[in-house]
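Colleague: Pasting a structure here, questions to come.
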Amino acid sequence: MTIKSWALNEQPNHKLYTKGANYLTDTELISVLLQQGTAQNNAVDLARLLLQKCNNDLQKFSKLTAQDILVFKIKGIGKMKAIRIIAAIELGSRRILKTDLRKNIFQSADVIAHLKNSLQFESREIFVVILLNQANKIIHEQILSEGGITGTVADPRVLFKLALSHEATGFIICHNHPSGQLRPSRMDDVLTEKVKKAAALLDMKLIDHIIVSTQGYYSYAEQCSSW
């Protein structure tokens, strides 16, 4: 089998250059990163095979590592192509984060979309803090801890040391539940109450504790009447 011959105006590279990236499909965009295929499959075919490994779900695709891509053992996608793909994904993620960092946060809904995109498909539990200044503007975001499939432990001392070093006046904490369960655990409740009380003593405000999963999100601020 030989690679089919394309008209110039059908080639992804040419389409991107003459019309813009918005005119390319997801598969075509990935093929541009791959640059070339094999004798059996052109770059678009390889890109299609790669997306199929993620059930054509870009959210799942965005969570791949270079090692994950190599595990798929797709002939024509080696280490260097995997690295290029991951570099492009990371650039896109940073662009989203930079956009979010310009936002003023007044309610949980202002950051939930970003948090869900960042964490919902993670296979390990990850605990994140978003720090705000007096104008409720995001000034810093950082992973505080990473655990296994069943849980992680966040140290409030680390959290407040970070918040004080950035002169934050408020913050949002968030973690994911890889199991898909959205209801908080007893440990989640205890940690939330401990952090909320400690924040008040330091003249800071815990704006919310958000739990995300593939099933949606849970917001303490929205669900707890005493918040």
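Naming scheme: A, B, ... for chains in displayed order of the structure tokens; residues 1 onward per chain; ligands 1 onward as shown.
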Please tabulate, as a tab-separated table, the residues of segment 78-144 of chain A that come within 9 Å of segment 21-39 of chain A, each with its closest pair of atoms and the distance in Å to one decimal, counting only C-alpha atoms and ordering rows by chain, then residue number upward.
Modeller:
```
residue	atom	partner	partner_atom	distance
A:Lys81	CA	A:Leu34	CA	5.7
A:Ala82	CA	A:Leu34	CA	8.3
A:Arg84	CA	A:Leu33	CA	6.5
A:Ile85	CA	A:Leu33	CA	6.3
A:Ala88	CA	A:Leu33	CA	8.1
```
Colleague: Can you write just those residues out, C-alpha atoms, as an mmCIF file, in the first residue's frame?
Modeller:
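Result file follows (selection_23.cif):
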```cif
data_model
loop_
_atom_site.group_PDB
_atom_site.id
_atom_site.type_symbol
_atom_site.label_atom_id
_atom_site.label_comp_id
_atom_site.auth_asym_id
_atom_site.auth_seq_id
_atom_site.Cartn_x
_atom_site.Cartn_y
_atom_site.Cartn_z
ATOM 1 C CA LYS A 81 6.839 12.744 17.528
ATOM 2 C CA ALA A 82 5.373 11.951 20.949
ATOM 3 C CA ARG A 84 6.293 17.252 19.855
ATOM 4 C CA ILE A 85 2.674 16.386 20.593
ATOM 5 C CA ALA A 88 1.991 21.406 21.802
#
```
Colleague: Enumerate as a ChimeraX atom specification all residues of segment 83-225 of chain A assigned to strand (DSSP E) by DSSP on the backbone, naming them with the chain letters and numbers the document uses.
Modeller: /A:126-132,138-146,170-176,205-213,216-219
Colleague: Would you pick out the contacts of Ser145 of chain A at 10 Å or less, using only C-alpha atoms, so that residues sharing its chain but fewer than 6 positions from it are not included, and give the list as a PyMOL selection string?
Modeller: chain A and resi 125-129+152-155+158+175
Colleague: Tell me, in Å to one decimal, how far atom CA of Phe160 of chain A is from atom CA of Ser226 of chain A.
Modeller: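 Pair atom CA of Phe160 of chain A / atom CA of Ser226 of chain A returns 23.0 Å.
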Colleague: So that I can check the secondary structure, give me every residue of segment 2-184 of chain A assigned helix (DSSP H, G or I) by backbone DSSP, as a PyMOL selection string.
Modeller: chain A and resi 8-10+12-19+21-23+26-34+43-52+58-61+66-71+79-100+109-119+156-165
Colleague: Dump as a Markdown table the rows for residues of segment 95-164 of chain A within 10 Å of segment 56-73 of chain A: closest atom pair and distance in Å with one decimal, only C-alpha atoms counted, ordered by chain and rising residue number.
Modeller:
```
| residue | atom | partner | partner_atom | distance |
| --- | --- | --- | --- | --- |
| A:Asn117 | CA | A:Gln59 | CA | 7.2 |
| A:Ser118 | CA | A:Lys63 | CA | 8.7 |
| A:Leu119 | CA | A:Lys63 | CA | 9.2 |
| A:Gln120 | CA | A:Gln59 | CA | 9.0 |
| A:Phe121 | CA | A:Lys60 | CA | 6.5 |
| A:Glu122 | CA | A:Lys63 | CA | 7.2 |
| A:Ser123 | CA | A:Lys63 | CA | 9.5 |
```
Colleague: Write a file of the selected residues as a PDB file, in the first residue's frame, keeping C-alpha atoms.
Modeller:
```pdb
ATOM      1  CA  ASN A 117     -10.408  20.824  32.409  1.00  0.00           C
ATOM      2  CA  SER A 118      -7.227  20.544  34.451  1.00  0.00           C
ATOM      3  CA  LEU A 119      -8.160  17.742  36.822  1.00  0.00           C
ATOM      4  CA  GLN A 120     -11.211  15.685  35.911  1.00  0.00           C
ATOM      5  CA  PHE A 121      -9.398  13.060  33.829  1.00  0.00           C
ATOM      6  CA  GLU A 122      -6.377  12.652  36.105  1.00  0.00           C
ATOM      7  CA  SER A 123      -5.895   9.051  37.250  1.00  0.00           C
TER       8      SER A 123
END
```
Colleague: Which distance in Å separates atom CA of Lys194 of chain A and atom CA of Ile130 of chain A, to one decimal?
Modeller: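 Spanning atom CA of Lys194 of chain A to atom CA of Ile130 of chain A is a straight-line distance of 17.5 Å.
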Colleague: Near Ala109 of chain A, within 10 Å and counting only C-alpha atoms, which residues show up once chain neighbours fewer than 4 positions away are dropped, as a PyMOL selection string?
Modeller: chain A and resi 105+113-114+219+222
Colleague: Please list as a CSV table (one decimal) with C-alpha atoms, in the first residue's frame every residue within 9 Å of Ile172 of chain A, counting only C-alpha atoms and excluding residues in the same chain fewer than 5 positions away.
Modeller:
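In the end it all went to around.csv:
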```csv
chain,number,residue,atom,x,y,z
A,108,SER,CA,-16.8,29.4,42.1
A,128,VAL,CA,-4.5,22.4,43.9
A,129,VAL,CA,-4.7,25.9,45.3
A,130,ILE,CA,-5.5,29.1,43.5
A,131,LEU,CA,-4.4,32.2,45.3
A,132,LEU,CA,-6.2,35.6,45.0
A,205,LYS,CA,-10.6,33.9,53.2
A,206,LEU,CA,-11.2,30.4,51.9
A,207,ILE,CA,-13.5,31.2,49.1
A,208,ASP,CA,-14.4,27.6,48.2
A,209,HIS,CA,-13.3,24.0,48.2
A,210,ILE,CA,-14.2,22.3,44.9
```
Colleague: Can you list, as number ranges by chain, every protein, DNA or RNA residue that comes within 9 Å of Val195 of chain A when you count only C-alpha atoms, leaving out same-chain residues fewer than 3 positions away?
Modeller: A: 156, 159-160, 190-192, 198-200, 206
Colleague: Could you give me, as JSON lines, every segment 78-188 of chain A residue with an atom at most 9 Å from segment 211-217 of chain A, plus its closest atom pair and distance in Å to one decimal, counting only C-alpha atoms, rows ordered by chain then number?
Modeller:
```
{"residue": "A:Ile112", "atom": "CA", "partner": "A:Tyr217", "partner_atom": "CA", "distance": 7.8}
{"residue": "A:Leu115", "atom": "CA", "partner": "A:Val212", "partner_atom": "CA", "distance": 7.5}
{"residue": "A:Lys116", "atom": "CA", "partner": "A:Val212", "partner_atom": "CA", "distance": 5.9}
{"residue": "A:Leu119", "atom": "CA", "partner": "A:Val212", "partner_atom": "CA", "distance": 7.0}
{"residue": "A:Gln120", "atom": "CA", "partner": "A:Ser213", "partner_atom": "CA", "distance": 4.5}
{"residue": "A:Phe121", "atom": "CA", "partner": "A:Thr214", "partner_atom": "CA", "distance": 6.5}
{"residue": "A:Glu122", "atom": "CA", "partner": "A:Ser213", "partner_atom": "CA", "distance": 8.7}
{"residue": "A:Ile173", "atom": "CA", "partner": "A:Ile211", "partner_atom": "CA", "distance": 8.8}
{"residue": "A:Cys174", "atom": "CA", "partner": "A:Ile211", "partner_atom": "CA", "distance": 5.7}
{"residue": "A:His175", "atom": "CA", "partner": "A:Ile211", "partner_atom": "CA", "distance": 5.2}
{"residue": "A:Asn176", "atom": "CA", "partner": "A:Val212", "partner_atom": "CA", "distance": 4.7}
{"residue": "A:His177", "atom": "CA", "partner": "A:Ser213", "partner_atom": "CA", "distance": 5.4}
{"residue": "A:Pro178", "atom": "CA", "partner": "A:Ser213", "partner_atom": "CA", "distance": 6.3}
{"residue": "A:Ser179", "atom": "CA", "partner": "A:Ser213", "partner_atom": "CA", "distance": 7.6}
{"residue": "A:Gly180", "atom": "CA", "partner": "A:Ser213", "partner_atom": "CA", "distance": 5.0}
{"residue": "A:Gln181", "atom": "CA", "partner": "A:Ser213", "partner_atom": "CA", "distance": 7.0}
{"residue": "A:Leu182", "atom": "CA", "partner": "A:Tyr217", "partner_atom": "CA", "distance": 6.4}
{"residue": "A:Arg183", "atom": "CA", "partner": "A:Ile211", "partner_atom": "CA", "distance": 8.1}
{"residue": "A:Pro184", "atom": "CA", "partner": "A:Ile211", "partner_atom": "CA", "distance": 7.4}
```
